[in-house]
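Structure first, then comments.
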Amino acid sequence: MEYKSYNLTNYKTNKILKNLPQEAKESIEVVGNVLPFKANNYIINELIDWDNYIDDPLFHLCFPQKEMLRENHYNMVKEALHNGSSAEEVFNVCNAIRSELNPHPSGQQCLNVPFFNGNRLNGVQHKYRETVLFFPGSGQTCHAYCSFCFRWPQFVGKKSLRFAGKESHDLIKYLKVHKEVTDILFTGGDPMTMSANVFSKYLNPVLDSLAETNIQTIRIGTKALSFWPYRFVTDKDSEDMLRIFESIVKKGINLAIMAHFNHPRELDTNIVKEAILKIRSTGAQIRTQSPVFKHINNDPLLWAEMWRKQVNLNCIPYYMFMARDTGAKEYFEISISEAHRIFKEAYSSVSGICRTVRGPSMSCTPGKVMVSGISEIHNEKVFVLRFIQARNSDWVAKPFFAKYDENASWINELKPAFSDKFFFEDEMAEIYHSKLTDCEENKFE
Ligand code: SF4
């Protein structure tokens, strides 16, 4: 299939989008000026149910909705667009709003970017001991943009908000020294938007230096299986990409495609099934992950169906996340207690083979905090929490407790139970102050 991409400037060239009611088009234009918007012909023709688009989860996944912005923000942009403001004035209004949407949650800018030989390693994040994230500069776009994306600043054209590495040589020097790093995650954006040729320019230095680093797993974070499965089947260099995967596996490296699926319908088309088979035939694993969201997948039956379908396609369910505290969070968020209910009901209704999944998990400043359960201890109702990843690996797998709060939707809204602070708070404060000089990020965002 020939790829056709739609954004704010050309979406009306698509017949379906052109014929949307004026109200829907206004939402696309107003919200799409603040949060990134991009869709493609596969999503429009194969994934969205246009007979029921108003409630369709895949429409909400890819198309800006009016309520994704606060009312005052929406009106500010609408006015700027309609009162003859210049493009620069509109851009400034939108940028002011963006800065109120917590563009870099969880200390990404301030705490995660490592220094090497006195220089910031742009395009690299090292938060957890064993895993380094690499943001290849040419892969900082996606086949379409998810309306909830916590990486939205990568796509809004503001350089200071963007992570991007021009090449991987500095990263290799870093990995040679940091032998505690076993995993590298190519992320973005979506690295699978790069041609095989460009991707290999970033990858080859990693493969060529395996003997001098301790890399054992290469992960690729991608939503291409959902948004453009042709990437692995009929694109002109799909075979080249598959051969790259094969070459990684042949080197004895665990290759994990970290696939992002939000709804079981994304797994239904013949082309996605074929793409999964092709990837699996290279020896790569496919692990799956998604946040749990209002308007998209806040239903245990959907999750159970999604995990079952993934396992049937030989994928490994990996994470259920909570909506990150950024961008259009208020539109999508559900409470921690509701997320736990959805997880528990879905998890308990599938067989053990699907229970490789972990969650619901909050990727917050100290680490990935999983809600293990809701319990009552000494007559107090509590959330039982534990880190499944943490800035200090000693914190991992240690249970801790927060007072039950039916409305809390993120860790910064939780209060410790049986103590005046969480066990990691003092150390987190030390890490925070040792790394920060001029960052304004909130430590538990
Ligand atoms: S594919 Fe991933 S990085 Fe791209 S917009 Fe969606 S969530 Fe964000």
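Residue numbering restarts at 1 in every chain; chains get A, B, ... in the order shown in the structure tokens, and ligands count up from 1 in that same order.
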Residues of chain A that approach ligand 1 to 8 Å or less, counting only C-alpha atoms and all ligand atoms: could you list each one with the shortest pair of atoms and its distance in Å to one decimal, rows by chain and increasing residue number, as JSON lines?
```
{"residue": "A:Thr141", "atom": "CA", "partner": "ligand 1", "partner_atom_place_in_ligand_line": "4 (Fe)", "distance": 6.7}
{"residue": "A:Cys142", "atom": "CA", "partner": "ligand 1", "partner_atom_place_in_ligand_line": "4 (Fe)", "distance": 4.7}
{"residue": "A:His143", "atom": "CA", "partner": "ligand 1", "partner_atom_place_in_ligand_line": "1 (S)", "distance": 7.1}
{"residue": "A:Ala144", "atom": "CA", "partner": "ligand 1", "partner_atom_place_in_ligand_line": "5 (S)", "distance": 6.3}
{"residue": "A:Tyr145", "atom": "CA", "partner": "ligand 1", "partner_atom_place_in_ligand_line": "5 (S)", "distance": 3.7}
{"residue": "A:Cys146", "atom": "CA", "partner": "ligand 1", "partner_atom_place_in_ligand_line": "6 (Fe)", "distance": 4.1}
{"residue": "A:Ser147", "atom": "CA", "partner": "ligand 1", "partner_atom_place_in_ligand_line": "5 (S)", "distance": 7.0}
{"residue": "A:Phe148", "atom": "CA", "partner": "ligand 1", "partner_atom_place_in_ligand_line": "7 (S)", "distance": 6.9}
{"residue": "A:Cys149", "atom": "CA", "partner": "ligand 1", "partner_atom_place_in_ligand_line": "8 (Fe)", "distance": 4.1}
{"residue": "A:Phe150", "atom": "CA", "partner": "ligand 1", "partner_atom_place_in_ligand_line": "8 (Fe)", "distance": 6.3}
{"residue": "A:Arg151", "atom": "CA", "partner": "ligand 1", "partner_atom_place_in_ligand_line": "8 (Fe)", "distance": 5.2}
{"residue": "A:Trp152", "atom": "CA", "partner": "ligand 1", "partner_atom_place_in_ligand_line": "8 (Fe)", "distance": 6.3}
{"residue": "A:Thr187", "atom": "CA", "partner": "ligand 1", "partner_atom_place_in_ligand_line": "3 (S)", "distance": 7.8}
{"residue": "A:Gly188", "atom": "CA", "partner": "ligand 1", "partner_atom_place_in_ligand_line": "3 (S)", "distance": 5.6}
{"residue": "A:Gly189", "atom": "CA", "partner": "ligand 1", "partner_atom_place_in_ligand_line": "3 (S)", "distance": 4.1}
{"residue": "A:Asp190", "atom": "CA", "partner": "ligand 1", "partner_atom_place_in_ligand_line": "4 (Fe)", "distance": 5.7}
{"residue": "A:Gly221", "atom": "CA", "partner": "ligand 1", "partner_atom_place_in_ligand_line": "2 (Fe)", "distance": 7.8}
{"residue": "A:Thr222", "atom": "CA", "partner": "ligand 1", "partner_atom_place_in_ligand_line": "1 (S)", "distance": 6.3}
{"residue": "A:Lys223", "atom": "CA", "partner": "ligand 1", "partner_atom_place_in_ligand_line": "1 (S)", "distance": 4.7}
{"residue": "A:Ala224", "atom": "CA", "partner": "ligand 1", "partner_atom_place_in_ligand_line": "1 (S)", "distance": 7.4}
{"residue": "A:Phe227", "atom": "CA", "partner": "ligand 1", "partner_atom_place_in_ligand_line": "1 (S)", "distance": 7.9}
{"residue": "A:His260", "atom": "CA", "partner": "ligand 1", "partner_atom_place_in_ligand_line": "2 (Fe)", "distance": 7.1}
```
If you run DSSP on the backbone here, which positions in range 96-331 of chain A get strand (DSSP E)? Please write them as number ranges by chain. A: 115-116, 119-120, 124-128, 131-134, 183-186, 217-222, 254-260, 285-292, 316-322
Looking only at the backbone, which of the residues in range 52-193 of chain A does DSSP tag as alpha helix (DSSP H), as a PyMOL selection string? chain A and resi 57-62+71-82+87-99+108-111+169-177
Keeping only C-alpha atoms, write the selected residues as a PDB file, in the first residue's frame.
```
ATOM      1  CA  PRO A  57     -11.457   4.444  20.473  1.00  0.00           C
ATOM      2  CA  LEU A  58      -9.156   4.544  17.470  1.00  0.00           C
ATOM      3  CA  PHE A  59     -10.543   7.910  16.417  1.00  0.00           C
ATOM      4  CA  HIS A  60      -9.794   9.203  19.916  1.00  0.00           C
ATOM      5  CA  LEU A  61      -6.366   7.619  19.732  1.00  0.00           C
ATOM      6  CA  CYS A  62      -5.327   9.507  16.597  1.00  0.00           C
ATOM      7  CA  GLU A  71     -11.547  25.354  27.912  1.00  0.00           C
ATOM      8  CA  ASN A  72      -9.549  28.563  28.337  1.00  0.00           C
ATOM      9  CA  HIS A  73      -6.643  27.146  26.318  1.00  0.00           C
ATOM     10  CA  TYR A  74      -8.988  25.997  23.583  1.00  0.00           C
ATOM     11  CA  ASN A  75     -10.577  29.423  23.359  1.00  0.00           C
ATOM     12  CA  MET A  76      -7.200  31.178  23.281  1.00  0.00           C
ATOM     13  CA  VAL A  77      -6.053  29.131  20.290  1.00  0.00           C
ATOM     14  CA  LYS A  78      -9.408  29.383  18.552  1.00  0.00           C
ATOM     15  CA  GLU A  79      -9.357  33.138  18.897  1.00  0.00           C
ATOM     16  CA  ALA A  80      -5.782  33.419  17.698  1.00  0.00           C
ATOM     17  CA  LEU A  81      -6.639  31.299  14.652  1.00  0.00           C
ATOM     18  CA  HIS A  82      -9.737  33.265  13.792  1.00  0.00           C
ATOM     19  CA  ALA A  87       1.494  32.495  12.188  1.00  0.00           C
ATOM     20  CA  GLU A  88       4.124  33.622  14.675  1.00  0.00           C
ATOM     21  CA  GLU A  89       1.489  34.940  17.088  1.00  0.00           C
ATOM     22  CA  VAL A  90      -0.454  31.668  16.891  1.00  0.00           C
ATOM     23  CA  PHE A  91       2.779  29.748  17.457  1.00  0.00           C
ATOM     24  CA  ASN A  92       3.546  31.839  20.547  1.00  0.00           C
ATOM     25  CA  VAL A  93       0.078  31.303  22.008  1.00  0.00           C
ATOM     26  CA  CYS A  94       0.438  27.550  21.438  1.00  0.00           C
ATOM     27  CA  ASN A  95       3.924  27.452  22.938  1.00  0.00           C
ATOM     28  CA  ALA A  96       2.737  29.247  26.064  1.00  0.00           C
ATOM     29  CA  ILE A  97       0.026  26.599  26.465  1.00  0.00           C
ATOM     30  CA  ARG A  98       2.479  23.760  25.817  1.00  0.00           C
ATOM     31  CA  SER A  99       4.716  24.968  28.591  1.00  0.00           C
ATOM     32  CA  GLN A 108      13.551  13.448  31.775  1.00  0.00           C
ATOM     33  CA  GLN A 109      15.440  16.631  30.919  1.00  0.00           C
ATOM     34  CA  CYS A 110      17.011  17.272  34.280  1.00  0.00           C
ATOM     35  CA  LEU A 111      17.728  13.887  35.767  1.00  0.00           C
ATOM     36  CA  HIS A 169      29.538   7.351  18.589  1.00  0.00           C
ATOM     37  CA  ASP A 170      29.312   9.245  21.866  1.00  0.00           C
ATOM     38  CA  LEU A 171      26.842   6.675  23.093  1.00  0.00           C
ATOM     39  CA  ILE A 172      29.330   3.888  22.317  1.00  0.00           C
ATOM     40  CA  LYS A 173      32.065   5.654  24.263  1.00  0.00           C
ATOM     41  CA  TYR A 174      29.639   5.899  27.172  1.00  0.00           C
ATOM     42  CA  LEU A 175      28.680   2.210  26.943  1.00  0.00           C
ATOM     43  CA  LYS A 176      32.330   1.148  26.934  1.00  0.00           C
ATOM     44  CA  VAL A 177      32.766   2.779  30.312  1.00  0.00           C
TER      45      VAL A 177
END
```
If we count only C-alpha atoms, what is near Val357 in chain A at a cut-off of 7 Å, once residues fewer than 3 positions away on the same chain are taken out, given as an MDAnalysis selection string? chainID A and resid 317:319 354
When distances are computed from only C-alpha atoms, which of A:Lys251, A:Arg280, A:Lys18, A:Lys273 shows the smallest separation from Tyr230 in chain A? A:Lys273
For CA of Lys294 in chain A and CA of Thr269 in chain A, the interatomic separation in Å (one decimal): 23.9 Å
When you look at Lys250 in chain A with a cut-off of 12 Å (counting only C-alpha atoms), what residues show up, excluding the ones that are within fewer than 3 positions of it in the same chain? I need them as a list in words.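 The residues that qualify are Leu207, Arg243, Ile244, Phe245, Glu246, Ser247, Ile253, Asn254, Leu255, Thr282, Gly283 and Ala284 of chain A.
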Output N, CA and C atoms for every residue in that selection, as a PDB file, in the first residue's frame.
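Done, and the output landed in out09.pdb:
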```pdb
ATOM      1  N   LEU A 207      26.621  -2.617  17.228  1.00  0.00           N
ATOM      2  CA  LEU A 207      26.961  -4.022  16.946  1.00  0.00           C
ATOM      3  C   LEU A 207      28.471  -4.209  16.817  1.00  0.00           C
ATOM      4  N   ARG A 243      16.258  -8.305   7.644  1.00  0.00           N
ATOM      5  CA  ARG A 243      17.616  -8.901   7.649  1.00  0.00           C
ATOM      6  C   ARG A 243      18.482  -8.266   8.749  1.00  0.00           C
ATOM      7  N   ILE A 244      18.252  -6.972   9.009  1.00  0.00           N
ATOM      8  CA  ILE A 244      18.974  -6.322  10.121  1.00  0.00           C
ATOM      9  C   ILE A 244      18.599  -7.001  11.437  1.00  0.00           C
ATOM     10  N   PHE A 245      17.301  -7.234  11.615  1.00  0.00           N
ATOM     11  CA  PHE A 245      16.854  -7.902  12.849  1.00  0.00           C
ATOM     12  C   PHE A 245      17.564  -9.262  12.971  1.00  0.00           C
ATOM     13  N   GLU A 246      17.560  -9.980  11.860  1.00  0.00           N
ATOM     14  CA  GLU A 246      18.158 -11.321  11.854  1.00  0.00           C
ATOM     15  C   GLU A 246      19.639 -11.245  12.238  1.00  0.00           C
ATOM     16  N   SER A 247      20.314 -10.222  11.704  1.00  0.00           N
ATOM     17  CA  SER A 247      21.754 -10.117  11.978  1.00  0.00           C
ATOM     18  C   SER A 247      22.004  -9.816  13.458  1.00  0.00           C
ATOM     19  N   ILE A 253      22.426 -11.631  20.391  1.00  0.00           N
ATOM     20  CA  ILE A 253      21.789 -10.547  21.142  1.00  0.00           C
ATOM     21  C   ILE A 253      20.293 -10.798  21.201  1.00  0.00           C
ATOM     22  N   ASN A 254      19.708 -10.541  22.356  1.00  0.00           N
ATOM     23  CA  ASN A 254      18.259 -10.609  22.483  1.00  0.00           C
ATOM     24  C   ASN A 254      17.673  -9.359  21.830  1.00  0.00           C
ATOM     25  N   LEU A 255      16.875  -9.569  20.782  1.00  0.00           N
ATOM     26  CA  LEU A 255      16.238  -8.423  20.122  1.00  0.00           C
ATOM     27  C   LEU A 255      14.772  -8.386  20.539  1.00  0.00           C
ATOM     28  N   THR A 282      12.458 -13.650  12.264  1.00  0.00           N
ATOM     29  CA  THR A 282      13.868 -13.229  12.342  1.00  0.00           C
ATOM     30  C   THR A 282      14.519 -13.673  13.659  1.00  0.00           C
ATOM     31  N   GLY A 283      13.694 -14.183  14.571  1.00  0.00           N
ATOM     32  CA  GLY A 283      14.222 -14.563  15.888  1.00  0.00           C
ATOM     33  C   GLY A 283      14.001 -13.482  16.935  1.00  0.00           C
ATOM     34  N   ALA A 284      13.430 -12.354  16.486  1.00  0.00           N
ATOM     35  CA  ALA A 284      13.148 -11.276  17.462  1.00  0.00           C
ATOM     36  C   ALA A 284      11.926 -11.646  18.296  1.00  0.00           C
TER      37      ALA A 284
END
```
Which residue is closest to Ser349 in chain A? Choose from A:Gly367, A:Ala304, A:Arg386, A:Cys315 and count only C-alpha atoms.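 Using only C-alpha atoms, the shortest distance to Ser349 in chain A belongs to A:Ala304.
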Just the residues within 6 Å of Lys403 in chain A, please, counting only C-alpha atoms, with nothing from its chain fewer than 5 positions along; format it as an MDAnalysis selection string. chainID A and resid 382 415:417
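Nearest residue to Tyr11 in chain A among A:Met362, A:Leu225, A:Ile220, A:Ala39 is A:Ala39, counting only C-alpha atoms.
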Check the smallest atom-to-atom distance from each of A:Thr356, A:Phe418, A:Met320, A:Val233 to Ile276 in chain A using only C-alpha atoms, then report the winner. A:Val233
Of the residues A:Glu167, A:Glu266, A:Glu212, A:Glu427, which is the one nearest to Pro229 in chain A, using only C-alpha atoms? A:Glu266
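Using only C-alpha atoms, the shortest contact distance between Pro399 in chain A and any of A:Trp228, A:Tyr6, A:Phe135, A:Phe383 is found at A:Phe383.
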What's the 9 Å shell around Val31 in chain A, counting only C-alpha atoms, without same-chain residues fewer than 2 positions away, as a count of residues only? 18
